[in-house]
Amino acid sequence: MSEIKTRDQISDAYKWNLSHLIKDEEEWVSYYDEVVALTIQLSSYNAKLAESPESMYKCFKISEAMEEKFARLYTFSYMRFHEDTTVSAHQEATEKVNALQVKVASAGAFIEPELLAIDQVKLLDMINSYEPLWAYSHYIDNLLRQQAHVLPKEQEELLAGLSDFTGTPGAIFSMFNDADLRFPDVIDEKGNKAPLTKGNFIKYLESPIKKVRETAFKTLYAKYKENQNTLAAVLGANLKKDVFLMNARGFDGTCQASLFAKNIDVSVYDNLIGAVNDNLDLLHRYVSLRKKMLAMDELHIYDLYMPLIAEEKEEVSYEKAKETVLKAIAVMGPEYVSVVERAFEDRWIDVYENQGKRGGAYSWGTYGAHPYILLNYQDNIKNMFTLAHELGHTMHSYYSSKVQSYTYASYPIFLAEVASTVNESLLLQHLLKTTTDKAKRMYLLNHYMESFRTTLYRQTMFAEYERTIHEVLERGEALTAKTLSDLYYDLNKRYYGDDVIIDEEIAMEWARIPHFYYNYYVYQYATGFSSAIAIARNILENGEPAVKNYIDNFLSSGKSKYPLDTLNAVGVDMTTPQPVDSALKVFEEVLNEMEALIQ
């Protein structure tokens, strides 16, 4: 393996140009000083929102200006830090913006409580009587929608005072799981003693040697089992917090309480779980196919990550990946393609790994400037998919920022993975359409099926488990380590079927999943994936009209509408099982082709 380059050894052509955000140190200081001044100016409007529509409007505009300038400062500082985390000047800049963030949050903390304290009829009359405030109608509507579950001022202050405590279970789990937990060494593929970490665990499960997979699997979960009672108490405390807040705010269930903030109906959650359960036979067929193709007498739960098809060894340079992605998204039309070309040509993308660079990949931006993409590109197909994925996020941010005001420019988490997955799906379909080599085609089909297994099926299983364990506490029943493990084990048996041996260790997997501390978060991976499959298929089948609708009514919407309304505008109704059923029809088609190819 070649030595990792320092940043100055990489050509500028492959490094992002952050001067589009902030030109130099002098401008950074200027932005910083402006934000500080705006925090003081904004604070002067405390207790004045009800005085007049003009006063309310001025407060909103100052708040927007403060947040927009701070976001640019914050984004720039962290992107510079991510270029090379060892540079002390970059570290110092992030520390300064983190401290400034507290001032920014404090300065605007009065706005929403004060708006909610105004009589609703009076507030709406103020909005309707002053045209400049009309731009904030959806924001106000969303705020008032939540008013039925807002408590009297004194009680809200008590709940606010509990915020440090309500986050404690998640913080304890994070410290245990990320900082304190250590695993014994295992034996690697060469027969040498090697470290086992959460980071390399999946690599061991991908090993072609059964003993390596099995040992890593049993070693990791044995360590969690040693601490099962502590971990059950911590997770239980987190779930009790959710139940407490559900009761305090007058909701019928924790699921409803969590989804209400995003205006997502519980039927979306129910339909996802129902549709996936109705199609478990397809997952059972897939794992049976794995067993057959791997020629295994027994397929264990720890064998599910072992590659079904040998990794495609074709070298895909960054230049080739760019060319292929541009061909794949050609169906999106010249306007969309031209923006992606600008991303390549105008250095929106930081391409290669360098010493000290943050790992992974992301797309990130701020209002009033184009988004940026961080990669650590390696010359293979997986990284080409990552490029397409991050470009999907970038185009979502680009269009929403271009069309919407600052208030509505960011898109909600519920929609966050849709555009990225649409791009990935378009790339996959392009590769399948242009690939005649049987081995490569099988690799691509399996890549697609694994996306369904790990995103639509697995995340829905997590979502079902999360709701089940919340409901145990909602009924007033005890949630012990045994209960948590038994429920999780039974769920795995139902999801994966009879052709997989569900080893007893998997019952402890609940103990290592951080998302179970995020209060009904994981379902959004599955709903977003299903929505994206439907949108991509519509684009490929209907061309220009579908593309225009997608750009105008999805990519450009930001949060100017409620998430379900945004999806409805592009023909995806997540309050019915139809989008999930349709996505699983695609999975069935891919499965049929793979089964035919191995005959």
# chains A, B, ... in the order shown; residues from 1 in each chain; ligands from 1

$ residues_around --residues "Gly356 (chain A)" --least-positions-apart "3" --cutoff "7 Å" --atoms "only C-alpha atoms" --output "JSON, numbers by chain"
{"A": [84, 85, 86]}

$ residues_around --residues "Lys327 (chain A)" --least-positions-apart "4" --cutoff "10 Å" --atoms "only C-alpha atoms" --output "list in words"
Ala321, Lys322, Glu323, Val331, Met332, Val337, Leu426, Leu427, His430 and Leu431 of chain A

$ closest_residue --among "A:Arg213, A:Lys15, A:Lys548, A:Lys559" --to "Gly333 (chain A)" --atoms "only C-alpha atoms"
A:Lys548

$ select_by_dssp --residues "region 155-321 of chain A" --states "strand (DSSP E or B)" --output "compact mmCIF listing (two decimals) with N, CA and C atoms, in the first residue's frame"
# COMPACT_ATOMS: atom_id res chain seq x y z
N VAL A 186 -8.54 -11.40 18.43
CA VAL A 186 -9.01 -12.59 17.73
C VAL A 186 -7.93 -13.04 16.76
N ILE A 187 -8.16 -14.15 16.10
CA ILE A 187 -7.20 -14.66 15.11
C ILE A 187 -7.67 -14.25 13.72
N LYS A 193 -2.68 -13.21 15.82
CA LYS A 193 -3.52 -12.52 16.79
C LYS A 193 -3.71 -11.08 16.30
N ALA A 194 -4.96 -10.62 16.31
CA ALA A 194 -5.26 -9.29 15.77
C ALA A 194 -6.34 -8.62 16.63
N HIS A 300 -25.19 -19.34 8.91
CA HIS A 300 -25.36 -18.72 10.22
C HIS A 300 -25.62 -17.22 10.06

$ residues_around --residues "Glu417 (chain A)" --least-positions-apart "2" --cutoff "10 Å" --atoms "only C-alpha atoms" --output "list of chain:residue names"
A:His389, A:Glu390, A:Gly392, A:His393, A:His396, A:Pro412, A:Ile413, A:Phe414, A:Leu415, A:Ala419, A:Ser420, A:Thr421, A:Val422, A:Gln524, A:Tyr525, A:Ala526, A:Thr527, A:Gly528, A:Phe529, A:Ser531, A:Ala532

$ atom_distance --atom1 "CA of Tyr78 (chain A)" --atom2 "CA of Trp16 (chain A)"
13.4 Å

$ residues_around --residues "Lys211 (chain A)" --least-positions-apart "6" --cutoff "12 Å" --atoms "only C-alpha atoms" --output "PDB file with C-alpha atoms, in the first residue's frame"
ATOM      1  CA  VAL A 186      -9.015 -12.592  17.728  1.00  0.00           C
ATOM      2  CA  ILE A 187      -7.205 -14.662  15.109  1.00  0.00           C
ATOM      3  CA  ASP A 188      -7.155 -13.155  11.630  1.00  0.00           C
ATOM      4  CA  GLU A 189      -7.093 -14.865   8.226  1.00  0.00           C
ATOM      5  CA  LYS A 190      -3.314 -15.380   8.421  1.00  0.00           C
ATOM      6  CA  GLY A 191      -3.564 -17.098  11.793  1.00  0.00           C
ATOM      7  CA  TYR A 204     -14.067  -9.977  10.034  1.00  0.00           C
ATOM      8  CA  LEU A 205     -17.642 -10.987   9.164  1.00  0.00           C
ATOM      9  CA  PHE A 217     -18.978 -12.655  16.161  1.00  0.00           C
ATOM     10  CA  LYS A 218     -18.920 -14.623  19.419  1.00  0.00           C
ATOM     11  CA  THR A 219     -16.094 -12.574  20.937  1.00  0.00           C
ATOM     12  CA  HIS A 300     -25.364 -18.717  10.219  1.00  0.00           C
ATOM     13  CA  TYR A 302     -22.709 -14.226  11.064  1.00  0.00           C
ATOM     14  CA  ASP A 303     -22.437 -15.389   7.431  1.00  0.00           C
TER      15      ASP A 303
END

$ atom_distance --atom1 "CA of Ser207 (chain A)" --atom2 "CA of Leu304 (chain A)"
10.9 Å

$ atom_distance --atom1 "CA of Tyr518 (chain A)" --atom2 "CA of Thr576 (chain A)"
24.8 Å

$ residues_around --residues "Glu95 (chain A)" --least-positions-apart "5" --cutoff "10 Å" --atoms "only C-alpha atoms" --output "list of chain:residue names"
A:Ser77, A:Tyr78, A:Ala89, A:His90, A:Leu100, A:Gln101

$ select_by_dssp --residues "region 92-338 of chain A" --states "alpha helix (DSSP H)" --output "PyMOL selection string"
chain A and resi 92-107+111-117+120-129+137-145+153-161+163-166+168-174+201-205+210-226+228-248+254-260+266-278+280-293+318-328+334-338

$ write_last_selection --atoms "C-alpha atoms" --output "short mmCIF file (atom, residue, chain, number, x, y, z; two decimals), in the first residue's frame"
data_model
loop_
_atom_site.label_atom_id
_atom_site.label_comp_id
_atom_site.auth_asym_id
_atom_site.auth_seq_id
_atom_site.Cartn_x
_atom_site.Cartn_y
_atom_site.Cartn_z
CA GLU A 92 -8.55 26.77 17.41
CA ALA A 93 -11.03 28.10 14.83
CA THR A 94 -13.50 25.30 15.55
CA GLU A 95 -13.20 25.94 19.28
CA LYS A 96 -14.04 29.61 18.70
CA VAL A 97 -17.10 28.85 16.57
CA ASN A 98 -18.30 26.27 19.09
CA ALA A 99 -18.20 28.94 21.79
CA LEU A 100 -19.95 31.39 19.46
CA GLN A 101 -22.65 28.79 18.77
CA VAL A 102 -23.74 28.98 22.41
CA LYS A 103 -24.18 32.76 22.07
CA VAL A 104 -26.16 32.34 18.86
CA ALA A 105 -28.49 29.75 20.39
CA SER A 106 -29.01 31.84 23.52
CA ALA A 107 -29.71 35.02 21.57
CA ILE A 111 -38.41 33.68 19.87
CA GLU A 112 -40.55 30.54 19.72
CA PRO A 113 -41.72 30.57 23.37
CA GLU A 114 -42.67 34.21 22.93
CA LEU A 115 -44.57 33.53 19.70
CA LEU A 116 -46.48 30.70 21.38
CA ALA A 117 -47.35 32.98 24.29
CA GLN A 120 -53.34 32.49 18.50
CA VAL A 121 -56.01 34.71 16.94
CA LYS A 122 -53.87 37.80 17.52
CA LEU A 123 -50.76 36.11 16.12
CA LEU A 124 -52.51 35.04 12.92
CA ASP A 125 -54.01 38.50 12.56
CA MET A 126 -50.53 40.02 12.85
CA ILE A 127 -49.21 37.68 10.17
CA ASN A 128 -52.14 38.21 7.80
CA SER A 129 -52.19 41.99 8.17
CA SER A 137 -46.79 31.52 7.23
CA HIS A 138 -45.67 27.90 7.02
CA TYR A 139 -43.19 28.40 9.84
CA ILE A 140 -45.93 29.89 12.04
CA ASP A 141 -48.39 27.17 11.03
CA ASN A 142 -45.91 24.48 12.05
CA LEU A 143 -45.29 26.25 15.35
CA LEU A 144 -49.00 26.60 16.13
CA ARG A 145 -49.62 23.00 15.14
CA LYS A 153 -44.77 28.40 30.92
CA GLU A 154 -43.69 27.18 34.36
CA GLN A 155 -43.96 23.52 33.31
CA GLU A 156 -42.06 24.18 30.07
CA GLU A 157 -39.31 25.79 32.12
CA LEU A 158 -39.16 22.70 34.32
CA LEU A 159 -38.90 20.42 31.27
CA ALA A 160 -36.22 22.66 29.78
CA GLY A 161 -34.28 22.36 33.03
CA SER A 163 -32.75 18.63 29.22
CA ASP A 164 -29.29 17.93 30.57
CA PHE A 165 -30.63 14.91 32.43
CA THR A 166 -32.76 13.50 29.60
CA THR A 168 -27.71 11.39 30.10
CA PRO A 169 -28.56 7.76 29.13
CA GLY A 170 -27.38 8.34 25.56
CA ALA A 171 -24.22 10.03 26.80
CA ILE A 172 -23.50 7.14 29.18
CA PHE A 173 -24.00 4.60 26.39
CA SER A 174 -21.74 6.58 24.07
CA PHE A 201 -15.95 -6.06 13.15
CA ILE A 202 -17.75 -6.17 9.80
CA LYS A 203 -14.43 -6.78 8.01
CA TYR A 204 -14.07 -9.98 10.03
CA LEU A 205 -17.64 -10.99 9.16
CA LYS A 210 -15.67 -19.39 8.75
CA LYS A 211 -13.57 -19.59 11.93
CA VAL A 212 -12.62 -15.93 11.58
CA ARG A 213 -16.26 -14.89 11.16
CA GLU A 214 -17.54 -17.06 13.97
CA THR A 215 -14.82 -16.10 16.46
CA ALA A 216 -15.20 -12.37 15.86
CA PHE A 217 -18.98 -12.65 16.16
CA LYS A 218 -18.92 -14.62 19.42
CA THR A 219 -16.09 -12.57 20.94
CA LEU A 220 -17.80 -9.24 20.33
CA TYR A 221 -21.19 -10.24 21.67
CA ALA A 222 -19.72 -12.06 24.67
CA LYS A 223 -18.32 -8.72 25.81
CA TYR A 224 -21.69 -7.04 25.49
CA LYS A 225 -23.32 -9.91 27.37
CA GLU A 226 -20.89 -9.39 30.25
CA GLN A 228 -26.00 -6.78 29.66
CA ASN A 229 -27.67 -5.68 32.90
CA THR A 230 -25.92 -2.30 32.93
CA LEU A 231 -26.71 -1.74 29.24
CA ALA A 232 -30.33 -2.78 29.77
CA ALA A 233 -30.64 -0.27 32.62
CA VAL A 234 -29.15 2.52 30.49
CA LEU A 235 -31.38 1.79 27.48
CA GLY A 236 -34.37 1.38 29.79
CA ALA A 237 -33.70 4.79 31.33
CA ASN A 238 -33.61 6.33 27.86
CA LEU A 239 -36.93 4.72 26.93
CA LYS A 240 -38.49 5.81 30.24
CA LYS A 241 -37.51 9.37 29.37
CA ASP A 242 -39.48 9.01 26.12
CA VAL A 243 -42.50 7.65 28.00
CA PHE A 244 -42.29 10.46 30.56
CA LEU A 245 -42.27 13.15 27.85
CA MET A 246 -45.09 11.36 26.01
CA ASN A 247 -47.26 11.52 29.12
CA ALA A 248 -46.21 15.07 30.02
CA THR A 254 -44.08 7.42 22.22
CA CYS A 255 -44.14 6.79 18.47
CA GLN A 256 -46.81 9.44 17.98
CA ALA A 257 -44.92 11.86 20.24
CA SER A 258 -41.71 11.49 18.24
CA LEU A 259 -43.25 11.65 14.75
CA PHE A 260 -45.54 14.56 15.64
CA VAL A 266 -48.08 7.13 12.73
CA SER A 267 -49.64 5.34 9.75
CA VAL A 268 -46.32 5.88 7.92
CA TYR A 269 -44.54 3.84 10.59
CA ASP A 270 -47.27 1.21 10.66
CA ASN A 271 -47.38 0.87 6.88
CA LEU A 272 -43.62 0.46 6.64
CA ILE A 273 -43.55 -2.36 9.17
CA GLY A 274 -46.69 -3.96 7.74
CA ALA A 275 -45.48 -3.91 4.14
CA VAL A 276 -42.07 -5.31 5.03
CA ASN A 277 -43.62 -8.08 7.12
CA ASP A 278 -45.94 -8.93 4.25
CA LEU A 280 -40.58 -11.32 4.36
CA ASP A 281 -40.81 -14.26 1.96
CA LEU A 282 -38.58 -12.29 -0.45
CA LEU A 283 -35.92 -11.87 2.22
CA HIS A 284 -36.21 -15.58 2.98
CA ARG A 285 -35.68 -16.32 -0.73
CA TYR A 286 -32.63 -14.07 -0.77
CA VAL A 287 -30.95 -15.73 2.20
CA SER A 288 -31.75 -19.13 0.66
CA LEU A 289 -30.02 -17.94 -2.50
CA ARG A 290 -27.00 -16.90 -0.44
CA LYS A 291 -26.87 -20.34 1.14
CA LYS A 292 -27.02 -21.98 -2.28
CA MET A 293 -24.44 -19.75 -3.93
CA TYR A 318 -11.85 9.26 -10.20
CA GLU A 319 -11.85 10.59 -13.76
CA LYS A 320 -13.65 7.47 -14.98
CA ALA A 321 -16.12 7.69 -12.10
CA LYS A 322 -16.92 11.30 -13.06
CA GLU A 323 -17.52 10.28 -16.67
CA THR A 324 -19.74 7.33 -15.69
CA VAL A 325 -21.80 9.30 -13.18
CA LEU A 326 -22.41 12.05 -15.74
CA LYS A 327 -23.68 9.45 -18.21
CA ALA A 328 -25.90 7.88 -15.55
CA PRO A 334 -29.02 19.47 -19.19
CA GLU A 335 -29.68 21.87 -16.31
CA TYR A 336 -29.08 19.25 -13.62
CA VAL A 337 -26.06 17.84 -15.44
CA SER A 338 -24.52 21.28 -15.92
#

$ closest_atom_pairs --of "region 361-472 of chain A" --to "region 339-344 of chain A" --cutoff "12 Å" --atoms "only C-alpha atoms" --output "CSV"
residue,atom,partner,partner_atom,distance
A:Ser363,CA,A:Ala343,CA,11.6
A:His370,CA,A:Ala343,CA,8.7
A:Pro371,CA,A:Ala343,CA,8.7
A:Tyr372,CA,A:Ala343,CA,8.1
A:Ile373,CA,A:Ala343,CA,8.9
A:Leu374,CA,A:Ala343,CA,11.9
A:Leu387,CA,A:Phe344,CA,11.0
A:Ala388,CA,A:Val340,CA,10.1
A:Glu390,CA,A:Val340,CA,11.0
A:Leu391,CA,A:Val340,CA,7.4
A:Gly392,CA,A:Val340,CA,9.5
A:His393,CA,A:Val340,CA,11.4
A:Thr394,CA,A:Val340,CA,8.8
A:Met395,CA,A:Val340,CA,7.7
A:His396,CA,A:Val339,CA,11.4
A:Ser397,CA,A:Val339,CA,11.9
A:Tyr398,CA,A:Val339,CA,8.8
A:Tyr399,CA,A:Val339,CA,9.9
A:Lys402,CA,A:Val339,CA,11.9
A:Asn423,CA,A:Val340,CA,11.7

$ residues_around --residues "Asn568 (chain A)" --least-positions-apart "5" --cutoff "12 Å" --atoms "only C-alpha atoms" --output "PyMOL selection string"
chain A and resi 531+534-535+549-550+553-554+561-563+573-576+579

$ write_last_selection --atoms "N, CA, C and O atoms" --output "compact mmCIF listing (two decimals), in the first residue's frame"
# COMPACT_ATOMS: atom_id res chain seq x y z
N SER A 531 -38.90 5.61 -0.95
CA SER A 531 -39.30 6.77 -1.74
C SER A 531 -38.36 6.98 -2.92
O SER A 531 -38.80 7.27 -4.04
N ALA A 534 -38.93 4.58 -5.82
CA ALA A 534 -40.12 4.97 -6.60
C ALA A 534 -39.83 6.16 -7.51
O ALA A 534 -40.23 6.18 -8.68
N ILE A 535 -39.13 7.15 -6.99
CA ILE A 535 -38.82 8.35 -7.77
C ILE A 535 -37.89 8.02 -8.94
O ILE A 535 -38.11 8.47 -10.07
N ASN A 549 -40.80 17.55 -12.45
CA ASN A 549 -41.57 17.46 -11.21
C ASN A 549 -40.65 17.23 -10.01
O ASN A 549 -40.81 17.85 -8.96
N TYR A 550 -39.67 16.36 -10.17
CA TYR A 550 -38.73 16.03 -9.10
C TYR A 550 -37.90 17.25 -8.72
O TYR A 550 -37.72 17.56 -7.53
N ASN A 553 -40.54 20.17 -7.40
CA ASN A 553 -41.39 19.91 -6.24
C ASN A 553 -40.74 19.08 -5.14
O ASN A 553 -41.32 18.95 -4.06
N PHE A 554 -39.55 18.55 -5.42
CA PHE A 554 -38.84 17.85 -4.35
C PHE A 554 -37.51 18.53 -4.04
O PHE A 554 -37.31 19.07 -2.95
N LYS A 561 -42.63 22.96 2.83
CA LYS A 561 -43.85 22.15 3.01
C LYS A 561 -43.54 21.06 4.04
O LYS A 561 -42.38 20.79 4.34
N TYR A 562 -44.58 20.43 4.52
CA TYR A 562 -44.36 19.29 5.40
C TYR A 562 -43.80 18.13 4.58
O TYR A 562 -44.10 18.00 3.38
N PRO A 563 -42.97 17.27 5.20
CA PRO A 563 -42.29 16.21 4.44
C PRO A 563 -43.22 15.32 3.61
O PRO A 563 -42.90 15.01 2.46
N ASP A 573 -46.88 8.48 -1.80
CA ASP A 573 -47.77 8.63 -0.64
C ASP A 573 -47.35 7.65 0.44
O ASP A 573 -47.76 6.48 0.43
N MET A 574 -46.55 8.14 1.41
CA MET A 574 -46.04 7.25 2.44
C MET A 574 -47.07 6.94 3.52
O MET A 574 -46.78 6.17 4.44
N THR A 575 -48.28 7.50 3.41
CA THR A 575 -49.33 7.11 4.36
C THR A 575 -50.02 5.83 3.92
O THR A 575 -50.94 5.35 4.59
N THR A 576 -49.59 5.27 2.78
CA THR A 576 -50.09 3.98 2.31
C THR A 576 -48.90 3.02 2.18
O THR A 576 -47.74 3.46 2.10
N PRO A 579 -45.66 2.68 -1.64
CA PRO A 579 -44.25 2.90 -1.99
C PRO A 579 -43.33 1.78 -1.53
O PRO A 579 -42.40 1.40 -2.25

$ closest_residue --among "A:Met79, A:Ala13, A:Leu564, A:Val500" --to "Tyr362 (chain A)" --atoms "only C-alpha atoms"
A:Met79

$ closest_residue --among "A:Tyr136, A:Ala583, A:Met461, A:Tyr523" --to "Lys493 (chain A)" --atoms "only C-alpha atoms"
A:Met461

$ closest_residue --among "A:Asp486, A:Ala330, A:Ser557, A:Thr407" --to "Phe60 (chain A)" --atoms "only C-alpha atoms"
A:Thr407

$ closest_residue --among "A:Ser425, A:Asn263, A:Gln355, A:Ser317" --to "Ile381 (chain A)" --atoms "only C-alpha atoms"
A:Ser317

$ closest_residue --among "A:Ala569, A:Leu428, A:Met56, A:Leu151" --to "Arg441 (chain A)" --atoms "only C-alpha atoms"
A:Leu428
